[in-house]
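Below is target25.cif, holding mmCIF, C-alpha atoms (C1' of nucleotides).
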```cif
data_data
#
loop_
_atom_site.label_atom_id
_atom_site.label_comp_id
_atom_site.auth_asym_id
_atom_site.auth_seq_id
_atom_site.Cartn_x
_atom_site.Cartn_y
_atom_site.Cartn_z
CA MET Z 1 33.80 10.26 -15.15
CA SER Z 2 36.57 11.36 -12.89
CA THR Z 3 35.40 13.53 -10.09
CA SER Z 4 36.75 15.67 -7.36
CA LEU Z 5 33.60 15.50 -5.31
CA PRO Z 6 34.06 14.48 -1.70
CA LYS Z 7 33.61 10.80 -1.11
CA LEU Z 8 30.74 9.39 0.88
CA ILE Z 9 30.05 5.79 1.67
CA ALA Z 10 26.44 4.94 2.38
CA LEU Z 11 25.59 1.67 4.05
CA VAL Z 12 21.94 0.69 4.04
CA GLY Z 13 19.89 -2.38 4.78
CA PRO Z 14 16.86 -3.51 6.67
CA THR Z 15 16.61 -3.51 10.41
CA ALA Z 16 18.60 -6.24 12.15
CA SER Z 17 20.79 -6.81 9.12
CA GLY Z 18 23.95 -5.89 11.00
CA LYS Z 19 24.64 -2.43 9.60
CA THR Z 20 25.85 -0.95 12.83
CA ASP Z 21 28.54 -3.50 13.48
CA LEU Z 22 29.71 -3.61 9.92
CA ALA Z 23 29.92 0.18 9.79
CA LEU Z 24 32.05 0.22 12.87
CA GLN Z 25 34.42 -2.30 11.39
CA LEU Z 26 34.68 -0.48 8.10
CA ALA Z 27 35.06 2.94 9.65
CA LYS Z 28 37.91 1.61 11.72
CA LYS Z 29 39.65 0.08 8.80
CA TYR Z 30 39.25 3.01 6.41
CA ASN Z 31 39.56 5.94 8.77
CA GLY Z 32 35.93 6.83 8.70
CA TYR Z 33 33.32 8.36 10.88
CA VAL Z 34 29.69 7.37 11.11
CA ILE Z 35 26.61 9.44 10.43
CA SER Z 36 23.49 7.68 11.54
CA ALA Z 37 20.53 7.79 9.17
CA ASP Z 38 17.92 6.52 11.52
CA SER Z 39 14.80 8.48 12.25
CA ARG Z 40 14.33 6.88 15.65
CA GLN Z 41 17.79 6.80 17.06
CA ILE Z 42 17.59 10.56 16.69
CA TYR Z 43 15.62 10.53 19.92
CA ARG Z 44 17.18 10.63 23.33
CA GLN Z 45 16.07 8.13 25.95
CA MET Z 46 14.89 5.72 23.32
CA ASN Z 47 17.71 3.26 23.38
CA ILE Z 48 16.71 -0.35 23.67
CA GLY Z 49 13.66 -0.21 21.45
CA THR Z 50 15.43 1.59 18.65
CA GLY Z 51 18.40 -0.76 18.72
CA LYS Z 52 20.72 2.14 19.40
CA PRO Z 53 24.33 1.10 19.92
CA ALA Z 54 25.84 1.84 23.31
CA LEU Z 55 27.04 5.39 22.95
CA GLY Z 56 30.27 6.36 24.61
CA ALA Z 57 31.57 9.76 25.64
CA VAL Z 58 30.14 12.80 23.91
CA GLU Z 59 32.13 15.72 22.67
CA MET Z 60 31.19 18.53 20.40
CA VAL Z 61 32.81 18.13 17.04
CA CYS Z 62 32.08 20.64 14.33
CA ASP Z 63 29.28 21.96 16.46
CA GLN Z 64 27.53 18.60 16.60
CA PRO Z 65 27.44 16.07 19.38
CA SER Z 66 29.76 13.22 18.52
CA TYR Z 67 29.59 9.94 20.41
CA ASP Z 68 32.55 7.71 20.72
CA ILE Z 69 32.06 4.04 19.99
CA ASN Z 70 35.24 2.04 19.92
CA GLY Z 71 37.22 5.09 18.95
CA ILE Z 72 34.97 5.95 16.03
CA ARG Z 73 32.99 9.17 15.96
CA HIS Z 74 29.24 8.71 15.58
CA PHE Z 75 26.93 11.56 14.71
CA MET Z 76 23.19 12.15 14.51
CA PHE Z 77 22.28 10.15 17.57
CA ASP Z 78 20.31 11.61 20.46
CA MET Z 79 19.56 14.85 18.70
CA VAL Z 80 16.17 15.67 20.19
CA SER Z 81 13.92 14.64 23.02
CA PRO Z 82 10.98 12.33 22.35
CA ASP Z 83 8.39 15.07 22.42
CA GLN Z 84 10.08 17.05 19.68
CA THR Z 85 9.58 16.51 16.01
CA TYR Z 86 12.46 16.14 13.68
CA THR Z 87 12.06 16.29 9.94
CA VAL Z 88 13.93 15.00 6.92
CA ALA Z 89 14.68 18.54 5.87
CA GLU Z 90 16.34 19.32 9.17
CA TYR Z 91 18.20 16.08 8.99
CA LYS Z 92 19.50 16.68 5.53
CA ASP Z 93 20.64 20.21 6.30
CA ALA Z 94 22.39 19.10 9.47
CA VAL Z 95 24.19 16.32 7.65
CA TYR Z 96 25.32 18.56 4.80
CA ARG Z 97 26.67 21.07 7.26
CA LEU Z 98 28.37 18.36 9.24
CA ILE Z 99 30.03 16.75 6.27
CA SER Z 100 31.36 20.00 4.97
CA ASP Z 101 32.66 21.04 8.39
CA MET Z 102 34.26 17.67 8.97
CA ARG Z 103 35.90 17.84 5.61
CA ARG Z 104 37.52 21.09 6.53
CA GLU Z 105 38.58 19.96 10.02
CA TYR Z 106 39.43 16.37 9.26
CA PRO Z 107 40.01 16.10 5.54
CA ASP Z 108 41.20 12.50 5.69
CA ASN Z 109 38.13 11.21 7.47
CA ILE Z 110 35.57 9.49 5.29
CA PRO Z 111 31.90 9.79 6.14
CA PHE Z 112 29.91 6.58 6.44
CA LEU Z 113 26.22 7.29 6.19
CA VAL Z 114 24.61 4.34 7.91
CA GLY Z 115 21.01 3.64 8.63
CA GLY Z 116 17.70 2.13 7.81
CA THR Z 117 15.64 5.22 7.12
CA GLY Z 118 15.60 5.22 3.35
CA LEU Z 119 14.08 8.65 3.17
CA TYR Z 120 16.95 10.17 5.12
CA VAL Z 121 19.61 8.43 3.11
CA SER Z 122 18.02 9.27 -0.22
CA ALA Z 123 17.54 12.89 0.74
CA VAL Z 124 21.26 13.15 1.45
CA ILE Z 125 22.74 11.18 -1.39
CA GLU Z 126 20.35 12.48 -4.02
CA ASN Z 127 20.45 16.00 -2.68
CA TRP Z 128 16.72 16.46 -2.46
CA GLU Z 129 15.49 20.02 -2.49
CA ILE Z 130 12.64 19.81 -0.09
CA PRO Z 131 10.18 22.69 -0.36
CA LYS Z 132 11.05 25.19 2.31
CA VAL Z 133 7.70 25.26 3.99
CA ALA Z 134 7.81 24.38 7.64
CA PRO Z 135 5.01 22.12 8.80
CA THR Z 136 3.56 24.58 11.24
CA GLY Z 137 0.39 26.60 11.48
CA LEU Z 138 -1.48 25.71 8.35
CA ARG Z 139 -1.15 22.00 8.80
CA GLU Z 140 -3.23 21.79 11.91
CA ASP Z 141 -6.20 23.38 10.19
CA LEU Z 142 -5.79 21.30 7.08
CA GLU Z 143 -5.77 18.11 9.05
CA LYS Z 144 -9.19 18.88 10.45
CA ARG Z 145 -10.75 18.88 7.01
CA THR Z 146 -11.97 15.87 5.12
CA LEU Z 147 -9.85 14.22 2.50
CA ASP Z 148 -12.37 14.94 -0.25
CA ASP Z 149 -12.41 18.57 0.63
CA LEU Z 150 -8.62 18.80 0.62
CA VAL Z 151 -8.33 16.97 -2.67
CA GLN Z 152 -10.85 19.30 -4.22
CA GLU Z 153 -8.95 22.36 -3.15
CA LEU Z 154 -5.69 20.92 -4.35
CA GLN Z 155 -7.27 20.09 -7.70
CA ASN Z 156 -8.44 23.66 -8.02
CA ARG Z 157 -5.21 25.31 -7.03
CA ALA Z 158 -2.66 22.96 -8.51
CA PRO Z 159 -4.19 20.36 -10.79
CA ASP Z 160 -0.81 19.10 -11.92
CA VAL Z 161 0.22 18.37 -8.35
CA ALA Z 162 -3.08 16.66 -7.62
CA LYS Z 163 -2.49 14.42 -10.56
CA ARG Z 164 0.92 13.41 -9.42
CA ILE Z 165 0.55 12.69 -5.76
CA ASP Z 166 -1.33 9.94 -4.00
CA ILE Z 167 -4.65 11.60 -3.36
CA LYS Z 168 -5.85 8.74 -1.23
CA ASN Z 169 -3.18 9.50 1.29
CA LYS Z 170 -4.36 12.36 3.44
CA ARG Z 171 -0.95 13.05 4.85
CA ARG Z 172 0.40 13.59 1.36
CA VAL Z 173 -2.47 15.80 0.33
CA VAL Z 174 -2.11 17.93 3.43
CA ARG Z 175 1.57 18.48 2.81
CA ALA Z 176 1.08 19.25 -0.89
CA LEU Z 177 -1.61 21.76 -0.09
CA GLU Z 178 0.46 23.26 2.67
CA VAL Z 179 3.24 23.94 0.19
CA VAL Z 180 0.95 25.12 -2.56
CA LEU Z 181 -0.88 27.53 -0.28
CA GLU Z 182 2.44 29.07 0.65
CA GLY Z 183 2.94 29.79 -3.02
CA LYS Z 184 5.76 27.30 -3.40
CA SER Z 185 5.95 24.60 -5.98
CA PHE Z 186 5.58 21.02 -4.89
CA ASP Z 187 7.79 18.93 -7.06
CA GLN Z 188 10.52 16.44 -6.53
CA ALA Z 189 13.48 18.64 -7.20
CA ARG Z 190 17.03 17.53 -6.72
CA GLY Z 191 20.05 19.70 -6.46
CA PRO Z 192 23.36 19.02 -8.13
CA ARG Z 193 25.31 16.00 -7.13
CA MET Z 194 27.40 16.86 -4.09
CA PHE Z 195 29.27 13.69 -3.35
CA ASP Z 196 31.06 10.86 -4.97
CA ILE Z 197 28.98 8.07 -3.52
CA LEU Z 198 29.41 4.40 -2.90
CA LEU Z 199 26.07 2.90 -1.96
CA LEU Z 200 26.33 -0.46 -0.26
CA GLY Z 201 23.19 -2.47 0.45
CA LEU Z 202 23.49 -5.17 3.04
CA ASP Z 203 21.72 -8.20 1.70
CA VAL Z 204 20.43 -10.78 4.14
CA PRO Z 205 18.15 -13.58 2.91
CA ARG Z 206 14.59 -12.93 3.95
CA GLU Z 207 14.27 -15.99 6.09
CA GLU Z 208 17.46 -15.33 7.96
CA LEU Z 209 16.47 -11.73 8.43
CA TYR Z 210 13.19 -12.73 10.03
CA THR Z 211 14.98 -15.09 12.36
CA ARG Z 212 17.35 -12.32 13.36
CA ILE Z 213 14.47 -9.97 13.98
CA ASP Z 214 12.84 -12.42 16.35
CA ALA Z 215 16.08 -12.94 18.19
CA ARG Z 216 16.67 -9.23 18.41
CA VAL Z 217 13.27 -8.54 19.87
CA ASP Z 218 13.84 -11.24 22.48
CA ALA Z 219 17.17 -9.66 23.30
CA MET Z 220 15.53 -6.27 23.67
CA MET Z 221 13.03 -7.70 26.11
CA ALA Z 222 15.82 -9.28 28.09
CA ALA Z 223 17.63 -5.96 28.12
CA GLY Z 224 14.68 -4.27 29.79
CA LEU Z 225 12.66 -2.80 26.97
CA LEU Z 226 9.48 -2.87 28.99
CA ASP Z 227 11.02 -0.70 31.70
CA GLU Z 228 12.26 1.73 29.10
CA VAL Z 229 8.79 1.99 27.65
CA LYS Z 230 7.25 2.45 31.09
CA SER Z 231 9.55 5.26 31.98
CA LEU Z 232 8.94 7.00 28.65
CA ALA Z 233 5.21 6.54 28.97
CA ALA Z 234 5.35 8.17 32.36
CA LYS Z 235 7.02 11.25 30.90
CA TYR Z 236 5.52 11.61 27.48
CA ASP Z 237 2.18 11.40 25.85
CA TRP Z 238 1.47 8.43 23.63
CA ASP Z 239 0.70 10.92 20.85
CA VAL Z 240 4.19 12.29 20.48
CA PRO Z 241 5.82 11.20 17.25
CA ALA Z 242 8.56 9.22 18.92
CA MET Z 243 6.11 7.00 20.77
CA SER Z 244 4.61 5.83 17.50
CA GLY Z 245 7.77 3.92 16.78
CA ILE Z 246 8.06 0.18 16.62
CA GLY Z 247 9.15 -1.16 19.96
CA TYR Z 248 7.10 1.41 21.84
CA ARG Z 249 3.58 1.63 20.55
CA GLN Z 250 3.09 -2.12 20.84
CA PHE Z 251 3.27 -1.86 24.61
CA ARG Z 252 0.60 0.74 25.06
CA PRO Z 253 -2.23 -1.81 25.39
CA VAL Z 254 -0.09 -3.78 27.82
CA LEU Z 255 0.42 -0.81 30.09
CA GLU Z 256 -3.28 -0.07 29.84
CA GLY Z 257 -4.07 -3.62 30.87
CA LYS Z 258 -5.72 -4.54 27.60
CA MET Z 259 -3.23 -7.06 26.28
CA ASP Z 260 -0.82 -9.49 27.76
CA LEU Z 261 2.86 -9.06 27.31
CA ALA Z 262 3.48 -12.15 25.22
CA GLU Z 263 0.97 -11.00 22.65
CA ALA Z 264 2.56 -7.57 22.45
CA VAL Z 265 5.97 -9.11 21.92
CA GLU Z 266 4.61 -11.19 19.04
CA LYS Z 267 3.06 -8.09 17.57
CA LEU Z 268 6.34 -6.29 17.90
CA LYS Z 269 8.12 -9.03 15.99
CA GLN Z 270 5.53 -8.94 13.28
CA ASP Z 271 5.58 -5.16 12.96
CA THR Z 272 9.35 -5.27 12.76
CA ARG Z 273 9.12 -7.75 9.91
CA HIS Z 274 6.70 -5.43 8.14
CA TYR Z 275 9.13 -2.62 8.59
CA ALA Z 276 12.01 -4.64 7.22
CA LYS Z 277 9.92 -5.44 4.16
CA LYS Z 278 9.20 -1.79 3.56
CA GLN Z 279 12.86 -0.99 3.84
CA LEU Z 280 13.63 -3.61 1.24
CA THR Z 281 11.04 -2.09 -1.06
CA TRP Z 282 12.61 1.30 -0.70
CA TRP Z 283 15.95 0.14 -2.03
CA ARG Z 284 14.88 -2.55 -4.43
CA LYS Z 285 14.43 -0.36 -7.44
CA ARG Z 286 17.12 2.19 -6.84
CA GLU Z 287 20.02 2.20 -9.16
CA GLY Z 288 23.66 2.12 -8.35
CA MET Z 289 23.43 0.09 -5.19
CA LYS Z 290 26.06 -2.56 -4.64
CA CYS Z 291 24.74 -5.61 -2.89
CA ILE Z 292 27.02 -6.94 -0.22
CA LYS Z 293 26.71 -10.12 1.75
CA ASN Z 294 29.67 -9.86 4.07
CA THR Z 295 32.61 -7.82 5.21
CA GLY Z 296 34.84 -9.06 2.43
CA ASP Z 297 32.44 -7.89 -0.27
CA SER Z 298 32.21 -4.47 1.23
CA GLU Z 299 35.96 -4.12 1.57
CA ASP Z 300 36.44 -4.95 -2.09
CA PHE Z 301 33.98 -2.28 -3.12
CA ILE Z 302 35.42 0.27 -0.76
CA GLU Z 303 38.99 -0.27 -1.84
CA LYS Z 304 38.08 0.13 -5.47
CA PHE Z 305 36.04 3.19 -4.63
CA LEU Z 306 38.78 4.89 -2.65
CA GLN Z 307 41.39 4.30 -5.29
CA LYS Z 308 39.60 5.77 -8.22
"C1'" G W 1 -27.32 -42.15 25.65
"C1'" G W 2 -30.48 -37.36 24.90
"C1'" G W 3 -30.62 -32.06 23.49
"C1'" U W 4 -28.91 -27.54 21.33
"C1'" G W 5 -25.52 -24.77 18.51
"C1'" G W 6 -21.69 -24.99 14.99
"C1'" A W 7 -18.40 -26.67 10.63
"C1'" U W 8 -17.08 -20.94 4.91
"C1'" A W 9 -10.75 -19.65 1.51
"C1'" C W 10 -3.78 -19.43 5.36
"C1'" C W 11 -6.49 -17.60 10.19
"C1'" A W 12 -10.80 -15.08 12.27
"C1'" A W 13 -15.52 -14.03 10.53
"C1'" A W 14 -20.02 -12.21 7.24
"C1'" G W 15 -23.31 -14.30 3.89
"C1'" U W 16 -29.37 -18.09 4.85
"C1'" G W 17 -32.09 -19.83 -2.91
"C1'" G W 18 -29.87 -16.35 -8.33
"C1'" U W 19 -26.30 -9.81 -9.11
"C1'" U W 20 -21.05 -15.05 -4.80
"C1'" A W 21 -14.64 -16.99 -6.45
"C1'" A W 22 -17.74 -15.62 -1.98
"C1'" A W 23 -18.20 -9.00 2.42
"C1'" U W 24 -14.75 -7.51 6.28
"C1'" G W 25 -10.37 -7.84 9.33
"C1'" G W 26 -5.72 -10.20 10.16
"C1'" A W 27 -1.67 -12.75 7.88
"C1'" C W 28 1.13 -13.01 3.33
"C1'" U W 29 3.07 -10.71 -1.33
"C1'" A W 30 3.98 -6.47 -4.27
"C1'" G W 31 4.12 -1.16 -4.69
"C1'" A W 32 4.08 4.39 -3.69
"C1'" C W 33 6.80 7.89 -1.00
"C1'" U W 34 10.68 15.25 -1.34
"C1'" G W 35 9.86 19.13 6.13
"C1'" U W 36 5.38 13.34 10.67
"C1'" A W 37 8.93 8.06 7.21
"C1'" A W 38 9.91 2.51 12.66
"C1'" A W 39 5.10 7.29 9.78
"C1'" U W 40 1.24 7.40 6.01
"C1'" C W 41 -1.05 5.27 1.83
"C1'" U W 42 -2.24 1.68 -2.45
"C1'" A W 43 -2.92 -3.03 -4.89
"C1'" G W 44 -3.10 -8.41 -5.19
"C1'" U W 45 -3.94 -13.12 -2.76
"C1'" G W 46 -8.73 -20.91 -5.10
"C1'" G W 47 -6.46 -23.22 -9.88
"C1'" C W 48 -5.03 -22.47 -15.22
"C1'" C W 49 -4.13 -18.02 -18.59
"C1'" A W 50 -0.33 -12.63 -21.34
"C1'" A W 51 -5.52 -11.74 -21.89
"C1'" C W 52 -11.00 -12.69 -23.38
"C1'" G W 53 -12.09 -16.73 -20.63
"C1'" C W 54 -12.32 -21.63 -18.60
"C1'" C W 55 -12.30 -24.92 -14.34
"C1'" U W 56 -12.86 -26.26 -8.97
"C1'" U W 57 -14.63 -24.36 -4.06
"C1'" C W 58 -18.22 -22.98 1.53
"C1'" G W 59 -17.13 -30.56 6.79
"C1'" U W 60 -18.50 -35.55 3.69
"C1'" A W 61 -22.11 -38.13 0.63
"C1'" G W 62 -26.68 -37.92 -1.53
"C1'" G W 63 -31.34 -35.18 -2.70
"C1'" U W 64 -34.90 -30.93 -3.95
"C1'" U W 65 -34.64 -26.88 -7.65
"C1'" C W 66 -34.11 -23.89 -14.04
"C1'" G W 67 -30.45 -22.40 -10.16
"C1'" A W 68 -27.74 -24.02 -3.49
"C1'" A W 69 -22.49 -21.88 0.80
"C1'" U W 70 -27.72 -20.91 1.52
"C1'" C W 71 -33.51 -25.84 1.61
"C1'" C W 72 -33.97 -31.54 2.81
"C1'" U W 73 -31.67 -36.47 4.42
"C1'" A W 74 -27.72 -39.32 6.34
"C1'" C W 75 -22.92 -39.39 8.16
"C1'" U W 76 -18.23 -37.25 10.44
"C1'" C W 77 -16.07 -33.83 13.65
"C1'" C W 78 -16.28 -29.67 17.37
"C1'" A W 79 -18.61 -26.82 21.49
"C1'" C W 80 -22.00 -26.43 25.32
"C1'" C W 81 -26.08 -28.46 28.22
"C1'" C W 82 -28.93 -32.75 30.35
"C1'" A W 83 -27.95 -37.81 31.77
#
```

Before we go any further, please render this structure as structure tokens.
Amino acid sequence: MSTSLPKLIALVGPTASGKTDLALQLAKKYNGYVISADSRQIYRQMNIGTGKPALGAVEMVCDQPSYDINGIRHFMFDMVSPDQTYTVAEYKDAVYRLISDMRREYPDNIPFLVGGTGLYVSAVIENWEIPKVAPTGLREDLEKRTLDDLVQELQNRAPDVAKRIDIKNKRRVVRALEVVLEGKSFDQARGPRMFDILLLGLDVPREELYTRIDARVDAMMAAGLLDEVKSLAAKYDWDVPAMSGIGYRQFRPVLEGKMDLAEAVEKLKQDTRHYAKKQLTWWRKREGMKCIKNTGDSEDFIEKFLQK
RNA sequence: GGGUGGAUACCAAAGUGGUUAAAUGGACUAGACUGUAAAUCUAGUGGCCAACGCCUUCGUAGGUUCGAAUCCUACUCCACCCA
């Protein structure tokens, strides 16, 4: 199928697989720009723990902050402060706007969507139509109720939805009910295909990945992660969404004098491995992903993709 | 040398005669996911089997009993206490 849809290259992979560096290389070679798909690097002031690359000078490009790294524009970093929430829906809208603006301003630039947050990437490349019900107001009340109670109400109001979603997961039930109570339908709609997509999945053997994770955590500690956490903890409540992230929450008991540092670091490594596993699960069963092991692989795929 | 307590599956830890392949938590593995996603949730994890099912487990060796991780005896190891 020949297509005139704008091209988009998505690069995904688990944490510590080397996405960031590879993306930079590829963007340089193929005249690209990078859109981060990382739900944590969205936050300002959270740098070491999120593995954020060193961001260079900012300028506003197409109404969005663009950070220079080695001459390549990087978007969707440092969008909000740690006490703000940021949702997939906002992310997806911002990225769609950005891509279309960039295409108008810089038609030769190719977007590289790069990141480990599968939800964000999927929402963009599959054009998810997320129910337009903002998570405000209702949610707070719903969360106070028991799961059984919520499930019952959902079963009464929208039995088909209750059948489909995971009714053991309160968070899911709350959201479904929130949407249903607003009179909207809660399904998994997707809009039309908007891009011609090349999806590259960085494949690192499990064992090697785990070794890299350990090394990365050690490097973060050496880079002053504990100080970063301390300064964030001084400014923000532990309850804010950003502080629940890996690399931050593990240090709470340390700062409260309930755990020693070495133990927290071990926990951090372990939690990071868990996270990497979940990321792998996200992509495992998705179709159309090209597995790449190295730069050469990815260049082959990209060249073929750009020529067609 | 004497005394007391303990030894349970990868780890921690329940269980003190039958409904126990053995609670629970961790670890590990697999999975779900449409406005919190680095979040939240689910399942499996002695061996063999596609499955009904079969077999082997609770430090070791014996014993009591219709039946034992659970009771008895001896031994081994560990912890603490007295010498």

Check: For chain Z, which residues have at least one atom within 6 Å of chain W, if we go by all atoms listed in the file? Write them as a list in words, please.
Finding: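 Listed by rising number, the hits are Thr87, Val88, Ala89, Ile130, Ala134, Asn169, Gln188, Gly245 and Ile246 of chain Z.
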
Check: Neighbours of C81 in chain W within 12 Å (all atoms listed in the file; same-chain residues fewer than 5 positions away dropped), as a PyMOL selection string?
Finding: chain W and resi 2-5

Next item on the list: Find the distance between CA of Asp108 in chain Z and CA of Leu202 in chain Z and write it in Å to one decimal.
Entry: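 These atoms are spaced 25.2 Å apart.
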
Checklist line | 12 Å contact set for Lys230 in chain Z, only C-alpha atoms (C1' of nucleotides), chain neighbours under 5 positions out, as a ChimeraX atom specification | finding: /Z:45-46,49,224-225,235-238,243,247-256

Take the residues that were just selected and, keeping C-alpha atoms, output them as a short mmCIF file (atom, residue, chain, number, x, y, z; two decimals), in the frame of the given file.
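Dumped everything to again.cif:
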```cif
data_model
loop_
_atom_site.label_atom_id
_atom_site.label_comp_id
_atom_site.auth_asym_id
_atom_site.auth_seq_id
_atom_site.Cartn_x
_atom_site.Cartn_y
_atom_site.Cartn_z
CA GLN Z 45 16.07 8.13 25.95
CA MET Z 46 14.89 5.72 23.32
CA GLY Z 49 13.66 -0.21 21.45
CA GLY Z 224 14.68 -4.27 29.79
CA LEU Z 225 12.66 -2.80 26.97
CA LYS Z 235 7.02 11.25 30.90
CA TYR Z 236 5.52 11.61 27.48
CA ASP Z 237 2.18 11.40 25.85
CA TRP Z 238 1.47 8.43 23.63
CA MET Z 243 6.11 7.00 20.77
CA GLY Z 247 9.15 -1.16 19.96
CA TYR Z 248 7.10 1.41 21.84
CA ARG Z 249 3.58 1.63 20.55
CA GLN Z 250 3.09 -2.12 20.84
CA PHE Z 251 3.27 -1.86 24.61
CA ARG Z 252 0.60 0.74 25.06
CA PRO Z 253 -2.23 -1.81 25.39
CA VAL Z 254 -0.09 -3.78 27.82
CA LEU Z 255 0.42 -0.81 30.09
CA GLU Z 256 -3.28 -0.07 29.84
#
```

Next item on the list: Record the distance separating CA of Gly71 in chain Z and CA of Leu98 in chain Z, expressed in Å with one decimal.
Entry: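 Computing the Euclidean distance for CA of Gly71 in chain Z and CA of Leu98 in chain Z yields 18.7 Å.
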
Check: Can you tell me, as a list in words, what residues are no more than 10 Å from Thr211 in chain Z when counting all atoms listed in the file, ignoring any on the same chain fewer than 3 positions away?
Finding: Ala16, Arg206, Glu207, Glu208, Asp214, Ala215, Arg216, Lys269 and Arg273 of chain Z

Store the residues picked out above, limited to C-alpha atoms, as a short mmCIF file (atom, residue, chain, number, x, y, z; two decimals), keeping the file's coordinate frame.
```
data_model
loop_
_atom_site.label_atom_id
_atom_site.label_comp_id
_atom_site.auth_asym_id
_atom_site.auth_seq_id
_atom_site.Cartn_x
_atom_site.Cartn_y
_atom_site.Cartn_z
CA ALA Z 16 18.60 -6.24 12.15
CA ARG Z 206 14.59 -12.93 3.95
CA GLU Z 207 14.27 -15.99 6.09
CA GLU Z 208 17.46 -15.33 7.96
CA ASP Z 214 12.84 -12.42 16.35
CA ALA Z 215 16.08 -12.94 18.19
CA ARG Z 216 16.67 -9.23 18.41
CA LYS Z 269 8.12 -9.03 15.99
CA ARG Z 273 9.12 -7.75 9.91
#
```

Notebook entry, point to check: Which distance in Å separates CA of Val114 in chain Z and CA of Leu226 in chain Z, to one decimal?
Noted result: 26.9 Å
